[in-house]
Amino acid sequence: MPGFDKIKLNKQLIRSLNELGYTSPKDVQQKTLNRIIGGQDVIVIAPEGAGKTTTLVLTALNRFNYAPEGVPKVLILVPEAEDVHITVALFERLNKNTSISIVGLYVTPGLDAQLDALADGADIVVATPDRARAIYLKLALNLNKMELYIVDDADRMIKKGMQLPIAELANSIPKAQHLVFTDVMHGRLETMIAPFMKQPATIEIDELEETTIDTHQQLLYNVPNFLTKVNLLNLFMYDAEVFTKAVVFISNRTTAEKVYQSMSRRMHEAVGYLNPHFDEHGFKTLEEFKTNTEARAIIIITEDEQQLDLSGIPFLIHFDLPADKETYINRVTKTHDEDTIALAFATDMELSLVKRIEQATGNKMEVAELPEDLVIVSDAKPKAPKTPKETEPERGAAFHEKKASNNKNYNYSSGEKAKMNMKKKHG
């Protein structure tokens, strides 16, 4: 493995890295630093723990081969105050040039201390987007000489709804190099960064565990939103010939109630909860569900979940992915020689969970195409009707029926369909 001396870092930084025990760059640093130092806009996609934060800190410090002016040259945006503290602490560990001033900006009672720090001179600013924007609007954050604009943990920024301040700050900088670091890339993130990234290079790092876990076949369905998830689940479960028995994992009771109401409109007694509350329809045990010849779907709420014997059930459907990756892994790990298929429904906001699962299992989920007959619900808010006559009556369910039981195009190969049909014995 080549050392940091093969990367165009200044000698002071290399000495600092060696003193801290960093003798060899991580994969993400080896593949990105020279290109970043060369001045190109870069998107870095890498899993948690790959070394993205260290990469951006080295990038920022490497720009100061001279006495700094005390005017911000680097702006680094991070999602939360805790991330500001972590990033500033890493700067303090790696920076041996005490003339470089690093200021953190985040929401905290009172602005005075942060305004004073900026007024005393700041070369590198690490900030949450909302705080940086608020201080910029007060004319206290000078962006005129900014050379490097970095968005770290960009996928988390999307989840927190920070697109507007990120875009406004980018637009307020006359000219700069732009870097984006993220665990995953998806459509919403692409939309946010497209206006300010200039012909960026995209560098993706996949770090999977060398020891793989033997899991059931996993298929990933990337859907835009909750209602499309409901439609997809209904579309699958309406096919009683293939989907003879399925466990549907849902993260919480509120979501489960909405999904149950939609499924039960057509499936009736064939769907129920595990350990139902009060007058809910369901099954006291998973074994009761397995032996009930009329039952085809059982909803298991993650927050109520206990250890389960999932053997003999042909489909494990993750309507929601659990926040704890170990919970998912325990469900899909093979315990018997059987042809169970695990389906995962994930919106863009959940793709980071998918990445963590893949990293932990050493296996990539197979991305499946959405069925042709799936009704995809738009995220756009519907326009108000012009006249009362144009208002359509409420349909009630999220699912819009479209000959679902006749169209069995689920993008499986003929071999997979054959294996699925063998599962009819479970019905």
# chains A, B, ... in the order shown; residues from 1 in each chain; ligands from 1
>>> residues_around(residues="stretch 276-279 of chain A", least_positions_apart="5", cutoff="10 Å", atoms="only C-alpha atoms", output="PyMOL selection string")
chain A and resi 284-285+299-300
>>> write_last_selection(atoms="N, CA and C atoms", output="PDB file, in the first residue's frame")
ATOM      1  N   LYS A 284     -51.923 -15.210  17.402  1.00  0.00           N
ATOM      2  CA  LYS A 284     -51.181 -15.129  18.659  1.00  0.00           C
ATOM      3  C   LYS A 284     -49.731 -15.555  18.486  1.00  0.00           C
ATOM      4  N   THR A 285     -49.480 -16.459  17.551  1.00  0.00           N
ATOM      5  CA  THR A 285     -48.118 -16.931  17.301  1.00  0.00           C
ATOM      6  C   THR A 285     -47.866 -17.021  15.808  1.00  0.00           C
ATOM      7  N   ILE A 299     -48.584  -9.183   9.565  1.00  0.00           N
ATOM      8  CA  ILE A 299     -47.861  -7.930   9.800  1.00  0.00           C
ATOM      9  C   ILE A 299     -47.142  -8.026  11.146  1.00  0.00           C
ATOM     10  N   ILE A 300     -45.842  -7.815  11.128  1.00  0.00           N
ATOM     11  CA  ILE A 300     -45.050  -7.817  12.350  1.00  0.00           C
ATOM     12  C   ILE A 300     -44.484  -6.415  12.546  1.00  0.00           C
TER      13      ILE A 300
END
>>> select_by_dssp(residues="stretch 150-211 of chain A", states="strand (DSSP E or B)", output="PyMOL selection string")
chain A and resi 150-151+177-182+201-204
>>> closest_atom_pairs(of="stretch 70-166 of chain A", to="stretch 351-354 of chain A", cutoff="12 Å", atoms="only C-alpha atoms", output="JSON lines")
{"residue": "A:Asp153", "atom": "CA", "partner": "A:Ser352", "partner_atom": "CA", "distance": 10.6}
{"residue": "A:Ala154", "atom": "CA", "partner": "A:Ser352", "partner_atom": "CA", "distance": 11.0}
{"residue": "A:Asp155", "atom": "CA", "partner": "A:Ser352", "partner_atom": "CA", "distance": 7.8}
{"residue": "A:Arg156", "atom": "CA", "partner": "A:Ser352", "partner_atom": "CA", "distance": 8.9}
{"residue": "A:Ile158", "atom": "CA", "partner": "A:Ser352", "partner_atom": "CA", "distance": 11.6}
{"residue": "A:Lys159", "atom": "CA", "partner": "A:Ser352", "partner_atom": "CA", "distance": 10.6}
>>> write_last_selection(atoms="N, CA and C atoms", output="CSV table (one decimal), in the first residue's frame")
chain,number,residue,atom,x,y,z
A,153,ASP,N,-21.8,14.5,4.5
A,153,ASP,CA,-23.0,13.8,4.9
A,153,ASP,C,-24.2,14.3,4.2
A,154,ALA,N,-24.1,14.5,2.8
A,154,ALA,CA,-25.1,15.1,2.1
A,154,ALA,C,-26.5,14.4,2.1
A,155,ASP,N,-26.4,13.0,2.2
A,155,ASP,CA,-27.7,12.3,2.3
A,155,ASP,C,-28.4,12.6,3.6
A,156,ARG,N,-27.7,12.8,4.7
A,156,ARG,CA,-28.3,13.2,5.9
A,156,ARG,C,-28.9,14.6,5.8
A,158,ILE,N,-30.3,15.9,3.2
A,158,ILE,CA,-31.6,15.7,2.5
A,158,ILE,C,-32.7,15.3,3.5
A,159,LYS,N,-32.3,14.3,4.4
A,159,LYS,CA,-33.3,13.8,5.4
A,159,LYS,C,-33.8,14.9,6.3
>>> closest_residue(among="A:Val247, A:Val84, A:Leu94, A:Ile205", to="A:Asp27", atoms="only C-alpha atoms")
A:Ile205
>>> residues_around(residues="A:Leu148", least_positions_apart="6", cutoff="10 Å", atoms="only C-alpha atoms", output="list in words")
Gly39, Asp41, Thr59, Ala60, Arg63, Pro72, Lys73, Val74, Leu75, Ile76, Ile124, Ile173, Lys175, Ala176, Gln177, His178 and Leu179 of chain A
>>> write_last_selection(atoms="N, CA and C atoms", output="CSV table (one decimal), in the first residue's frame")
chain,number,residue,atom,x,y,z
A,39,GLY,N,-8.1,20.4,-8.3
A,39,GLY,CA,-9.1,21.5,-8.5
A,39,GLY,C,-10.4,21.1,-9.1
A,41,ASP,N,-14.3,19.6,-9.3
A,41,ASP,CA,-15.4,19.3,-8.4
A,41,ASP,C,-15.6,17.8,-8.4
A,59,THR,N,-8.0,17.9,2.8
A,59,THR,CA,-8.2,18.7,1.6
A,59,THR,C,-8.2,20.2,2.0
A,60,ALA,N,-8.9,20.5,3.1
A,60,ALA,CA,-9.0,21.9,3.5
A,60,ALA,C,-7.6,22.4,4.0
A,63,ARG,N,-4.8,23.5,1.5
A,63,ARG,CA,-4.9,24.7,0.7
A,63,ARG,C,-4.0,25.8,1.3
A,72,PRO,N,-12.5,33.8,5.4
A,72,PRO,CA,-12.8,32.4,5.1
A,72,PRO,C,-12.5,32.0,3.7
A,73,LYS,N,-11.7,30.9,3.5
A,73,LYS,CA,-11.4,30.3,2.2
A,73,LYS,C,-12.1,29.0,2.0
A,74,VAL,N,-12.5,28.4,3.2
A,74,VAL,CA,-13.1,27.0,3.1
A,74,VAL,C,-14.4,27.1,4.0
A,75,LEU,N,-15.5,26.6,3.4
A,75,LEU,CA,-16.8,26.4,4.1
A,75,LEU,C,-17.2,25.0,4.0
A,76,ILE,N,-17.3,24.3,5.2
A,76,ILE,CA,-17.7,22.9,5.3
A,76,ILE,C,-19.0,22.9,6.0
A,124,ILE,N,-11.1,28.7,8.0
A,124,ILE,CA,-11.9,27.6,7.7
A,124,ILE,C,-13.2,27.6,8.6
A,173,ILE,N,-21.6,32.2,-3.4
A,173,ILE,CA,-20.2,32.2,-3.5
A,173,ILE,C,-19.8,32.5,-4.9
A,175,LYS,N,-17.0,32.2,-6.8
A,175,LYS,CA,-16.3,31.1,-7.5
A,175,LYS,C,-15.6,30.2,-6.5
A,176,ALA,N,-15.8,28.9,-6.6
A,176,ALA,CA,-15.2,28.0,-5.7
A,176,ALA,C,-15.2,26.6,-6.3
A,177,GLN,N,-14.3,25.7,-5.7
A,177,GLN,CA,-14.4,24.3,-6.0
A,177,GLN,C,-15.4,23.7,-5.1
A,178,HIS,N,-16.2,22.7,-5.6
A,178,HIS,CA,-17.2,22.1,-4.8
A,178,HIS,C,-17.0,20.6,-4.6
A,179,LEU,N,-17.2,20.2,-3.3
A,179,LEU,CA,-17.0,18.8,-3.0
A,179,LEU,C,-18.2,18.3,-2.2
>>> residues_around(residues="A:Ala270", least_positions_apart="5", cutoff="7 Å", atoms="only C-alpha atoms", output="PyMOL selection string")
chain A and resi 294-297
>>> residues_around(residues="stretch 321-328 of chain A", least_positions_apart="6", cutoff="8 Å", atoms="only C-alpha atoms", output="ChimeraX atom specification")
/A:249-251,302,344-346,350,353,356-357
>>> select_by_dssp(residues="stretch 302-388 of chain A", states="alpha helix (DSSP H)", output="ChimeraX atom specification")
/A:325-332,351-361
>>> write_last_selection(atoms="C-alpha atoms", output="tab-separated table (two decimals), in the first residue's frame")
chain	number	residue	atom	x	y	z
A	325	LYS	CA	-29.10	-3.37	10.74
A	326	GLU	CA	-28.62	-6.41	13.01
A	327	THR	CA	-32.39	-6.83	13.23
A	328	TYR	CA	-32.64	-7.09	9.44
A	329	ILE	CA	-29.63	-9.41	9.19
A	330	ASN	CA	-31.09	-11.80	11.80
A	331	ARG	CA	-34.31	-12.03	9.79
A	332	VAL	CA	-32.71	-12.83	6.44
A	351	LEU	CA	-30.88	3.84	0.89
A	352	SER	CA	-28.25	4.66	3.53
A	353	LEU	CA	-29.73	1.82	5.63
A	354	VAL	CA	-29.39	-0.48	2.62
A	355	LYS	CA	-25.71	0.47	2.29
A	356	ARG	CA	-25.04	-0.32	5.95
A	357	ILE	CA	-26.74	-3.69	5.63
A	358	GLU	CA	-24.73	-4.54	2.50
A	359	GLN	CA	-21.53	-3.47	4.19
A	360	ALA	CA	-22.25	-5.67	7.23
A	361	THR	CA	-23.36	-8.79	5.31
>>> closest_residue(among="A:Leu115, A:Val125, A:Val78, A:Leu219", to="A:Pro165", atoms="only C-alpha atoms")
A:Val78
>>> closest_residue(among="A:Leu9, A:Leu33, A:Ile298, A:Val180", to="A:Met237", atoms="only C-alpha atoms")
A:Ile298
>>> closest_residue(among="A:Tyr149, A:Phe315, A:Phe4, A:Phe226", to="A:Lys258", atoms="only C-alpha atoms")
A:Phe226
>>> closest_residue(among="A:Leu316, A:Ile37, A:Tyr136, A:Ile102", to="A:Glu168", atoms="only C-alpha atoms")
A:Tyr136
>>> closest_residue(among="A:Ile45, A:Gly51, A:Gly104, A:Leu308", to="A:Tyr22", atoms="only C-alpha atoms")
A:Gly51
>>> residues_around(residues="A:Val88", least_positions_apart="3", cutoff="9 Å", atoms="only C-alpha atoms", output="list in words")
Val57, Asp83, Val84, His85, Phe91, Glu92, Arg93, Ile102, Val103, Gly104 and Val126 of chain A
